[in-house]
Structure formats: C-alpha cells, structure tokens
Amino acid sequence: MRPPAPAATTPLTWVLAIAMLVVIDAAVTRSALLWGKTNTWIQSEIDRVYVWQTYDVARKLYSPRRPAAARIAVLGNSRIWFPAREAYVERALHTIAPDLDARVDNLAIFGARIGDLEIVSRHLDRLQPSLVILALGGADLVPTSWGELVNPTGELLSIGWRDGPIPPASAAERVDRWVRTVWPLYRWRRFVRARIEDRLFPTSSDTEFPDHFPSLLEYFEFTNGRQRGAMLDQTYARWRREPTLEGFVRYLGGSEGRFGLTEPVPPPESLTLESPGMIALDQLLARLSDESFPSIVLLMPENPLLDDDPTGRYHRPGFSERAAELIREVAARHHIRVVDGRRWMSADRFADLVHVFPDLSGFQEPFAREIVNALGS
Amino acid sequence: MPSARDPPLGAVLLRALLYALLITLLVVFAPGNEHVFIYQGF
C-alpha cells in the first residue's frame with residue numbers, strides 16, 4: 001500500500017492557508033491589535049512622529065468611530081492639525097448649535113501638501129462625511145525644500161487602481177499601490193510593525209494631545225518641556241509688550257531677515273493653473289464633487305505681522321494672493337465654496353509665523369460657525 | 001470521500017496554519033519600500 005500524499009503539496013493545504021490568512025488579516029487589521037494606540041503625540045524621533053500621525057489618520061478612517069448625525073472631515077496639515085483638534089471644535093459646535101449631533105475627524109498630517117491630501121481624500125467614503133473641509137495655505141500647492149507634493153506620509157496611505165495626479169516614480173511603486181489597495185495587511189504593514197515595536201518597547205513620553213490648554217504657559221510647557229516652555233512664555237510675553245515683527249522673530253529665536261521662518265515658496269507668477277499642485281487640487285475637488293460630499297475650501301489664517309514685511313525678508317509677498325486667486329478659480333469649476341480665513345486671527349493668536357495656538361487662539365469659534373453655516377446650506 | 005491516499009486532516013490544518021503565519025510574517029517584516037521622513041521646516 002502506497003503512503004499518503006504529503007500535506008505540504010496537497011491543494012487543500014493551500015486553500016486552507018489562504019482562508020486562514022484572510023482570518024488572520026481581519027483579526028489584525030480590524031481590531032484593537034492594530035488600532036488600539038491613542039497616545040500618538042510623539043516627542044521623540046521625527047520618523048515616529050510621522051508614522052504615528054499618519055496611523056492616527058488611518059485609525060480615524062478604518063477603525064469604527066462614534067456614530068453621529070453630522071460627520072465633519074477635515075483635511076490639511078499642521079496649520080489645521082493644532083487648532084482644529086476634535087475636542088475644541090466639537091465644544092465650539094455644541095456652544096453655537098447645542099442640538100447638532102456632530103463628530104469631527106481631523107485628518108491632518110504635519111507637512112502634508114496637496115498630493116498627500118488628494119491621497120487622503122481617496123479614503124473619505126469610509127466616513128461618508130456630511131461635510132469635508134479642505135484647509136489650505138498657498139504653500140501647500142507647491143513643492144519646496146520643506147517637502148514634496150506627495151510625501152512619505154501620503155505614500156503610506158496611497159491606494160487606487162489608477163495613478164493619481166502625481167504619477168508614481170516607478171513601476172514598482174505602482175504595483176506597491178495596487179497590492180496596498182487589495183490587501184489590508186500589506187497596506188498597514190508599516191503600522192503593524194510600529195505597533196509591535198510599541199508593545200514590546202513602549203516609549204514613556206508618548207502621550208495624548210490635551211483637549212484643553214488653560215494657559216499659554218501650559219501650552220509652551222507641553223510642547224517644549226518645562227524649562228524651555230517657561231522661557232518661551234517669558235519671551236512671548238516680552239513680544240506682547242513690543243508687538244513688532246522683529247520682536248516676534250526674536251521670540252521665535254530666528255535671526256533678523258532670515259527667510260526660513262516661513263515656507264520658501266517660489267515667485268508667485270510661477271504658480272499657474274497648469275502647475276502640478278493645481279492639477280492635484282482640481283482632481284481632489286472633482287472627487288469630492290463626484291462623490292457628492294458637501295465641501296468647502298478654507299484658506300487658513302496667515303500671520304498679519306507679515307504685512308510689515310513688504311520687501312520679503314521673511315516671506316514671499318504676493319504668493320498667498322496668487323494662490324488664493326487660482327484656488328477660487330479651480331473651486332468654482334466644481335461649485336465648491338472658498339472661505340477666506342486668512343484674516344481670521346490677530347498676530348497674538350499665532351504660535352509662530354505659520355501656526356495659530358491650539359485651543360487658546362479661539363480659531364475653533366469661526367471654524368465652527370463656518371461648519372454650521374455649511375451644514376445648513 | 002477521503003481516501004487512504006489523502007494526508008491526515010490534522011497535518012493539513014497544521015501545515016496550512018504554518019503557511020498562513022509565515023506569509024503574514026513575511027508581509028509585515030519583509031524589507032523594501034521603506035519610507036524615509038525628511039522634513040526641513042521648523
């Protein structure tokens with residue numbers, strides 16, 4: 001009598017292996033095993049900051065959230081990450097519209113540009129948003145020495161069968177995106193690795209970003225540590241007594257006339273409707289329009305101190321206006337309203353030349369009013 | 001109907017589980033496409 005066939009080669013083994021793979025995949029990618037980390041404010045290693053921040057966005061998209069009648073999705077970068085934290089905006093919404101059952105999903109990632117935002121928008125059907133807010137600054141539409149139109153953070157989330165507005169650099173990247181599209185475990189493998197590492201070797205300084213800052217001192221201490229935070233609080237107070245642009249630059253620790261305190265964008269006339277960043281914006285807005293997600297574009301607040309810099313020592317005069325003009329033109333093609341928030345905030349609401357303070361700036365108040373306005377229209 | 005030539009079910013299940021776990025580990029830990037984060041802003 002012949003011996004039985006070896007288990008290794010029988011087709012049944014492979015069929016069962018694939019079935020088990022599907023089960024393992026689901027057990028990992030649809031559970032707290034992957035999505036259980038909430039202390040994603042990282043104070044060590046820039047690489048960890050970006051991985052966990054992108055993870056946080058993926059978690060909001062793929063891990064079940066609190067159901068709500070109105071779901072507001074916010075796309076952007078650090079300019080909106082800080083001042084539109086879910087807790088601040090939901091509190092402000094509750095104040096002006098107590099009966100509104102709203103959930104805010106802040107899907108911003110530090111350093112994200114229009115190519116990254118277009119990639120995040122490919123996942124929005126997961127949320128079925130009642131409103132999408134695309135928070136933009138002019139600099140987000142161009143590559144600079146600070147970042148590309150698509151950055152590694154966006155690449156981690158890139159899915160889809162067709163190439164996006166920024167084509168992949170190689171055929172391998174395209175295949176990588178296809179595999180990421182069909183196979184959740186492959187899509188999130190970087191996060192799975194990070195999660196295993198985090199469980200085995202937790203970083204004690206990882207924490208959650210506060211839902212409220214009672215004072216500037218507490219903000220400075222949280223973001224810079226106790227000693228440096230106290231010093232920044234004093235230098236900031238000194239600037240308040242002498243509220244000039246040069247004084248603000250001193251508070252930031254920059255040198256006079258240093259062009260690196262705002263993003264080094266190109267000359268305004270180099271930005272056109274045919275620029276890759278504008279094409280990416282067009283495709284993003286076309287998707288929002290095609291999927292019938294009510295949407296607005298918000299032009300993010302700019303520090304009015306830069307009005308005192310007409311010669312362009314610290315920024316590129318005219319770039320913001322040029323970008324706003326083109327954004328309006330593209331948005332009009334898709335019947336999407338542009339809200340100009342560039343003058344929403346006074347200089348004392350800014351933590352630097354680009355970002356407004358979270359919570360303490362009060363940004364969430366006009367922001368919440370715009371949300372209520374957009375939901376009602 | 002299982003025949004005498006079929007491998008034992010236990011061996012098949014064990015082997016299938018081994019393959020599934022190996023593929024999972026390969027997917028998660030295989031090198032390649034490492035993203036390097038470089039940000040020169042402040």
# chains A, B, ... in the order shown; residues from 1 in each chain; ligands from 1
call {"tool": "residues_around", "arguments": {"residues": "segment 10-14 of chain B", "least_positions_apart": "4", "cutoff": "7 Å", "atoms": "only C-alpha atoms", "output": "list in words"}}
result
Ala7 and Thr13 of chain A; Leu18 of chain B
call {"tool": "write_last_selection", "arguments": {"atoms": "C-alpha atoms", "output": "JSON list (two decimals), in the first residue's frame"}}
result
[["chain", "number", "residue", "atom", "x", "y", "z"],
["A", 7, "ALA", "CA", 0.30, 17.60, 3.47],
["A", 13, "THR", "CA", -3.47, 22.86, 2.32],
["B", 18, "LEU", "CA", 2.08, 27.41, 9.29]]
call {"tool": "residues_around", "arguments": {"residues": "Ala102 of chain A", "least_positions_apart": "2", "cutoff": "7 Å", "atoms": "only C-alpha atoms", "output": "VMD selection string"}}
result
chain A and resid 68 to 71 90 100 104
call {"tool": "closest_atom_pairs", "arguments": {"of": "segment 271-293 of chain A", "to": "segment 135-152 of chain A", "cutoff": "8 Å", "atoms": "only C-alpha atoms", "output": "tab-separated table"}}
result
residue	atom	partner	partner_atom	distance
A:Leu271	CA	A:Val142	CA	7.9
A:Pro276	CA	A:Val142	CA	7.9
A:Gly277	CA	A:Leu141	CA	4.6
A:Met278	CA	A:Leu141	CA	6.5
A:Leu281	CA	A:Leu141	CA	7.9
call {"tool": "select_by_dssp", "arguments": {"residues": "segment 99-228 of chain A", "states": "strand (DSSP E or B)", "output": "PyMOL selection string"}}
result
chain A and resi 102-106+131-136+144+147+207
call {"tool": "atom_distance", "arguments": {"atom1": "atom CA of Ile133 of chain A", "atom2": "atom CA of Pro98 of chain A"}}
result
20.9 Å
call {"tool": "interface_residues", "arguments": {"of": "chain A", "to": "chain B", "cutoff": "7 Å", "atoms": "only C-alpha atoms", "output": "list in words"}}
result
Pro3, Pro4, Ala5, Pro6, Ala7, Ala8, Thr13, Trp14, Leu16, Ala17, Ile18, Met20, Leu21, Asp47, Ser145, Trp146, Gly147, Pro152, Tyr186, Arg189, Val192 and Arg193 of chain A
call {"tool": "residues_around", "arguments": {"residues": "Leu232 of chain A", "least_positions_apart": "4", "cutoff": "9 Å", "atoms": "only C-alpha atoms", "output": "PyMOL selection string"}}
result
chain A and resi 217+220-221+224+227-228+236-237+251-252
call {"tool": "select_by_dssp", "arguments": {"residues": "segment 72-255 of chain A", "states": "helix (DSSP H, G or I)", "output": "count of residues only"}}
result
97
call {"tool": "closest_residue", "arguments": {"among": "A:Ile371, A:Leu127, A:Thr40, A:Asp233", "to": "Tyr219 of chain A", "atoms": "only C-alpha atoms"}}
result
A:Asp233
call {"tool": "closest_residue", "arguments": {"among": "A:Glu242, A:Asp99, A:Glu45, A:Asp282", "to": "Ser205 of chain A", "atoms": "only C-alpha atoms"}}
result
A:Glu45
call {"tool": "atom_distance", "arguments": {"atom1": "atom CA of Gly318 of chain A", "atom2": "atom CA of Val265 of chain A"}}
result
10.7 Å
call {"tool": "closest_residue", "arguments": {"among": "A:Glu274, A:Leu200, A:Ala19, A:Thr153", "to": "Ile46 of chain A", "atoms": "only C-alpha atoms"}}
result
A:Thr153
call {"tool": "residues_around", "arguments": {"residues": "Leu298 of chain A", "least_positions_apart": "5", "cutoff": "6 Å", "atoms": "only C-alpha atoms", "output": "PyMOL selection string"}}
result
chain A and resi 134-135+338-339
call {"tool": "atom_distance", "arguments": {"atom1": "atom CA of Ile196 of chain A", "atom2": "atom CA of Asp56 of chain A"}}
result
15.8 Å
